[in-house]
Every structure is written in C-alpha cells, then in structure tokens.
>>> print(open('entry.cif').read())   # mmCIF, C-alpha atoms
data_final
loop_
_atom_site.label_atom_id
_atom_site.label_comp_id
_atom_site.auth_asym_id
_atom_site.auth_seq_id
_atom_site.Cartn_x
_atom_site.Cartn_y
_atom_site.Cartn_z
CA MET P 1 -1.54 -0.34 -24.39
CA VAL P 2 -0.70 -2.88 -21.68
CA GLU P 3 2.74 -1.33 -21.30
CA ALA P 4 1.22 2.13 -20.90
CA VAL P 5 -1.21 0.89 -18.23
CA TYR P 6 1.57 -0.84 -16.32
CA ALA P 7 3.80 2.24 -16.57
CA GLU P 8 0.99 4.37 -15.14
CA TYR P 9 0.47 1.78 -12.39
CA ARG P 10 4.16 1.93 -11.43
CA LYS P 11 4.01 5.74 -11.30
CA THR P 12 0.88 5.58 -9.18
CA LEU P 13 2.57 3.11 -6.83
CA SER P 14 5.51 5.44 -6.48
CA ASP P 15 3.20 8.31 -5.53
CA LEU P 16 1.26 6.11 -3.13
CA THR P 17 4.46 4.86 -1.53
CA ASP P 18 5.42 8.48 -0.82
CA LYS P 19 1.97 9.14 0.68
CA LEU P 20 2.23 6.00 2.79
CA ARG P 21 5.64 7.03 4.08
CA VAL P 22 4.37 10.49 5.08
CA ALA P 23 1.25 9.09 6.73
CA ARG P 24 3.34 6.65 8.75
CA GLN P 25 5.85 9.32 9.77
CA THR P 26 3.10 11.65 10.95
CA GLY P 27 1.19 8.87 12.68
CA ASP P 28 -1.91 9.42 10.56
CA ASN P 29 -3.18 5.86 10.70
CA VAL P 30 -6.47 6.71 8.98
CA ALA P 31 -4.48 7.99 5.99
CA VAL P 32 -2.30 4.86 6.15
CA ASP P 33 -5.40 2.70 5.88
CA ARG P 34 -6.75 4.78 2.99
CA VAL P 35 -3.46 4.55 1.06
CA LEU P 36 -3.22 0.81 1.68
CA HIS P 37 -6.77 0.42 0.36
CA THR P 38 -5.81 2.32 -2.80
CA ILE P 39 -2.63 0.29 -3.27
CA LYS P 40 -4.60 -2.94 -2.87
CA GLY P 41 -7.18 -1.90 -5.45
CA SER P 42 -4.65 -0.56 -7.95
CA ALA P 43 -2.51 -3.67 -7.69
CA ALA P 44 -5.51 -5.97 -8.10
CA MET P 45 -6.64 -4.07 -11.21
CA VAL P 46 -3.37 -4.82 -13.02
CA GLY P 47 -2.95 -8.35 -11.70
CA ASP P 48 -0.16 -7.61 -9.23
CA ASN P 49 -1.59 -10.08 -6.74
CA GLU P 50 1.43 -10.16 -4.45
CA THR P 51 1.28 -6.43 -3.81
CA ALA P 52 -2.52 -6.52 -3.48
CA ASN P 53 -2.25 -9.33 -0.93
CA LEU P 54 0.47 -7.54 1.04
CA ALA P 55 -1.57 -4.34 1.17
CA ALA P 56 -4.63 -6.33 2.27
CA GLU P 57 -2.58 -8.04 4.96
CA ALA P 58 -1.25 -4.71 6.20
CA ARG P 59 -4.82 -3.38 6.42
CA GLN P 60 -5.96 -6.47 8.30
CA VAL P 61 -3.36 -5.99 11.01
CA LEU P 62 -4.67 -2.57 11.84
CA ASP P 63 -6.09 -2.66 15.34
CA VAL P 64 -9.59 -1.39 14.59
CA ALA P 65 -10.01 0.21 18.00
CA GLY P 66 -6.67 1.97 18.18
CA LEU P 67 -5.52 1.70 14.58
CA ASP P 68 -2.22 0.38 15.89
CA LEU P 69 -0.05 -0.72 12.94
CA ARG P 70 2.14 -3.76 12.91
CA GLU P 71 5.36 -2.58 11.35
CA ALA P 72 6.31 -6.02 10.01
CA ALA P 73 3.39 -6.07 7.55
CA LEU P 74 4.14 -2.54 6.38
CA LYS P 75 7.82 -3.38 6.02
CA ARG P 76 7.01 -6.37 3.77
CA LEU P 77 4.79 -4.15 1.63
CA ALA P 78 7.47 -1.46 1.41
CA GLU P 79 10.02 -4.04 0.32
CA GLU P 80 7.67 -5.25 -2.42
CA LEU P 81 7.06 -1.74 -3.71
#
>>> encode(input="entry.cif", output="structure tokens")
Amino acid sequence: MVEAVYAEYRKTLSDLTDKLRVARQTGDNVAVDRVLHTIKGSAAMVGDNETANLAAEARQVLDVAGLDLREAALKRLAEEL
C-alpha cells in the first residue's frame, strides 16, 4: 500500500510540476502560489520534507503586495522535483 501511495504522489507531483511551469510561463502568480501550496501539502503528507520545505520557502518569497517571485527558490524546487 505504501508503494501505491508513493507512486500516486509521484504522479501528482509530475502533474503539479506541469501546472507550475505553465503558471510561471503565463505570469499567473496566484496560480503559482496555489500550486506551491498543493505541492507543500502533498509532500508533507507522504513525508517528503525536503520538497515540502522547498515549496514553503518558494511561497514565502512571494512579495505579498506584488506577488513578485524569486526565481532562485523556484529553481531549487524544480530541481528537487
């Protein structure tokens, strides 16, 4: 059962990575934040703390007023995924 859950998690991460890429390319920073939130929660649920922490860090560097993203945090997350 653990293997099945982890396999589903990896598939979900793949889908979320695609959504994150599209949101970044279109400049939809609200969608970027939403996807990062989902990645963080999904990763935490299966114990992937590194990915959860990277997603949380990427969310924290969003400029709340302008939702300006720091590419370095997103790059680290992308490399982890």
>>> resolve_selection(input="entry.cif", expression="the PyMOL selection byres ((chain P and resi 41) around 12)", output="ChimeraX atom specification")
/P:9,12-13,16,34-40,42-56
>>> atom_distance(input="entry.cif", atom1="CA of Glu57 (chain P)", atom2="CA of Glu80 (chain P)")
12.9 Å
>>> atom_distance(input="entry.cif", atom1="CA of Ala23 (chain P)", atom2="CA of Ala4 (chain P)")
28.5 Å
>>> atom_distance(input="entry.cif", atom1="CA of Asp18 (chain P)", atom2="CA of Ala58 (chain P)")
16.4 Å
>>> resolve_selection(input="entry.cif", expression="the PyMOL selection byres ((chain P and resi 32) around 9)", output="PyMOL selection string")
chain P and resi 19-24+27-31+33-37+59
>>> write_last_selection(input="entry.cif", atoms="C-alpha atoms", output="PDB file, keeping the file's coordinate frame")
ATOM      1  CA  LYS P  19       1.970   9.140   0.680  1.00  0.00           C
ATOM      2  CA  LEU P  20       2.230   6.000   2.790  1.00  0.00           C
ATOM      3  CA  ARG P  21       5.640   7.030   4.080  1.00  0.00           C
ATOM      4  CA  VAL P  22       4.370  10.490   5.080  1.00  0.00           C
ATOM      5  CA  ALA P  23       1.250   9.090   6.730  1.00  0.00           C
ATOM      6  CA  ARG P  24       3.340   6.650   8.750  1.00  0.00           C
ATOM      7  CA  GLY P  27       1.190   8.870  12.680  1.00  0.00           C
ATOM      8  CA  ASP P  28      -1.910   9.420  10.560  1.00  0.00           C
ATOM      9  CA  ASN P  29      -3.180   5.860  10.700  1.00  0.00           C
ATOM     10  CA  VAL P  30      -6.470   6.710   8.980  1.00  0.00           C
ATOM     11  CA  ALA P  31      -4.480   7.990   5.990  1.00  0.00           C
ATOM     12  CA  ASP P  33      -5.400   2.700   5.880  1.00  0.00           C
ATOM     13  CA  ARG P  34      -6.750   4.780   2.990  1.00  0.00           C
ATOM     14  CA  VAL P  35      -3.460   4.550   1.060  1.00  0.00           C
ATOM     15  CA  LEU P  36      -3.220   0.810   1.680  1.00  0.00           C
ATOM     16  CA  HIS P  37      -6.770   0.420   0.360  1.00  0.00           C
ATOM     17  CA  ARG P  59      -4.820  -3.380   6.420  1.00  0.00           C
TER      18      ARG P  59
END
>>> decode(input="entry.cif", residues="region 13-54 of chain P", atoms="C-alpha atoms", output="PDB file, in the first residue's frame")
ATOM      1  CA  LEU P  13       3.964  15.843  -8.395  1.00  0.00           C
ATOM      2  CA  SER P  14       4.506  15.395 -12.103  1.00  0.00           C
ATOM      3  CA  ASP P  15       1.102  16.930 -12.839  1.00  0.00           C
ATOM      4  CA  LEU P  16       1.716  19.764 -10.391  1.00  0.00           C
ATOM      5  CA  THR P  17       5.129  20.449 -11.885  1.00  0.00           C
ATOM      6  CA  ASP P  18       3.463  20.880 -15.282  1.00  0.00           C
ATOM      7  CA  LYS P  19       0.884  23.249 -13.766  1.00  0.00           C
ATOM      8  CA  LEU P  20       3.625  25.207 -12.020  1.00  0.00           C
ATOM      9  CA  ARG P  21       5.575  25.546 -15.259  1.00  0.00           C
ATOM     10  CA  VAL P  22       2.512  26.851 -17.129  1.00  0.00           C
ATOM     11  CA  ALA P  23       1.598  29.273 -14.341  1.00  0.00           C
ATOM     12  CA  ARG P  24       5.132  30.661 -14.304  1.00  0.00           C
ATOM     13  CA  GLN P  25       5.267  30.978 -18.092  1.00  0.00           C
ATOM     14  CA  THR P  26       1.969  32.851 -18.193  1.00  0.00           C
ATOM     15  CA  GLY P  27       2.867  35.024 -15.221  1.00  0.00           C
ATOM     16  CA  ASP P  28      -0.112  33.804 -13.193  1.00  0.00           C
ATOM     17  CA  ASN P  29       1.456  34.270  -9.780  1.00  0.00           C
ATOM     18  CA  VAL P  30      -1.772  33.490  -7.931  1.00  0.00           C
ATOM     19  CA  ALA P  31      -1.827  30.084  -9.633  1.00  0.00           C
ATOM     20  CA  VAL P  32       1.876  29.651  -8.815  1.00  0.00           C
ATOM     21  CA  ASP P  33       1.116  30.213  -5.144  1.00  0.00           C
ATOM     22  CA  ARG P  34      -1.820  27.790  -5.246  1.00  0.00           C
ATOM     23  CA  VAL P  35       0.273  25.053  -6.899  1.00  0.00           C
ATOM     24  CA  LEU P  36       3.122  25.579  -4.437  1.00  0.00           C
ATOM     25  CA  HIS P  37       0.637  25.249  -1.579  1.00  0.00           C
ATOM     26  CA  THR P  38      -0.612  21.955  -3.028  1.00  0.00           C
ATOM     27  CA  ILE P  39       2.925  20.650  -3.550  1.00  0.00           C
ATOM     28  CA  LYS P  40       3.820  21.559   0.028  1.00  0.00           C
ATOM     29  CA  GLY P  41       0.794  19.750   1.430  1.00  0.00           C
ATOM     30  CA  SER P  42       1.174  16.671  -0.754  1.00  0.00           C
ATOM     31  CA  ALA P  43       4.854  16.351   0.061  1.00  0.00           C
ATOM     32  CA  ALA P  44       4.233  16.745   3.782  1.00  0.00           C
ATOM     33  CA  MET P  45       1.534  14.053   3.701  1.00  0.00           C
ATOM     34  CA  VAL P  46       3.993  11.438   2.426  1.00  0.00           C
ATOM     35  CA  GLY P  47       6.956  12.594   4.490  1.00  0.00           C
ATOM     36  CA  ASP P  48       8.895  14.239   1.662  1.00  0.00           C
ATOM     37  CA  ASN P  49      10.068  17.006   3.960  1.00  0.00           C
ATOM     38  CA  GLU P  50      12.691  18.412   1.617  1.00  0.00           C
ATOM     39  CA  THR P  51      10.158  19.074  -1.130  1.00  0.00           C
ATOM     40  CA  ALA P  52       7.619  20.406   1.381  1.00  0.00           C
ATOM     41  CA  ASN P  53      10.219  22.792   2.792  1.00  0.00           C
ATOM     42  CA  LEU P  54      11.304  23.967  -0.661  1.00  0.00           C
TER      43      LEU P  54
END
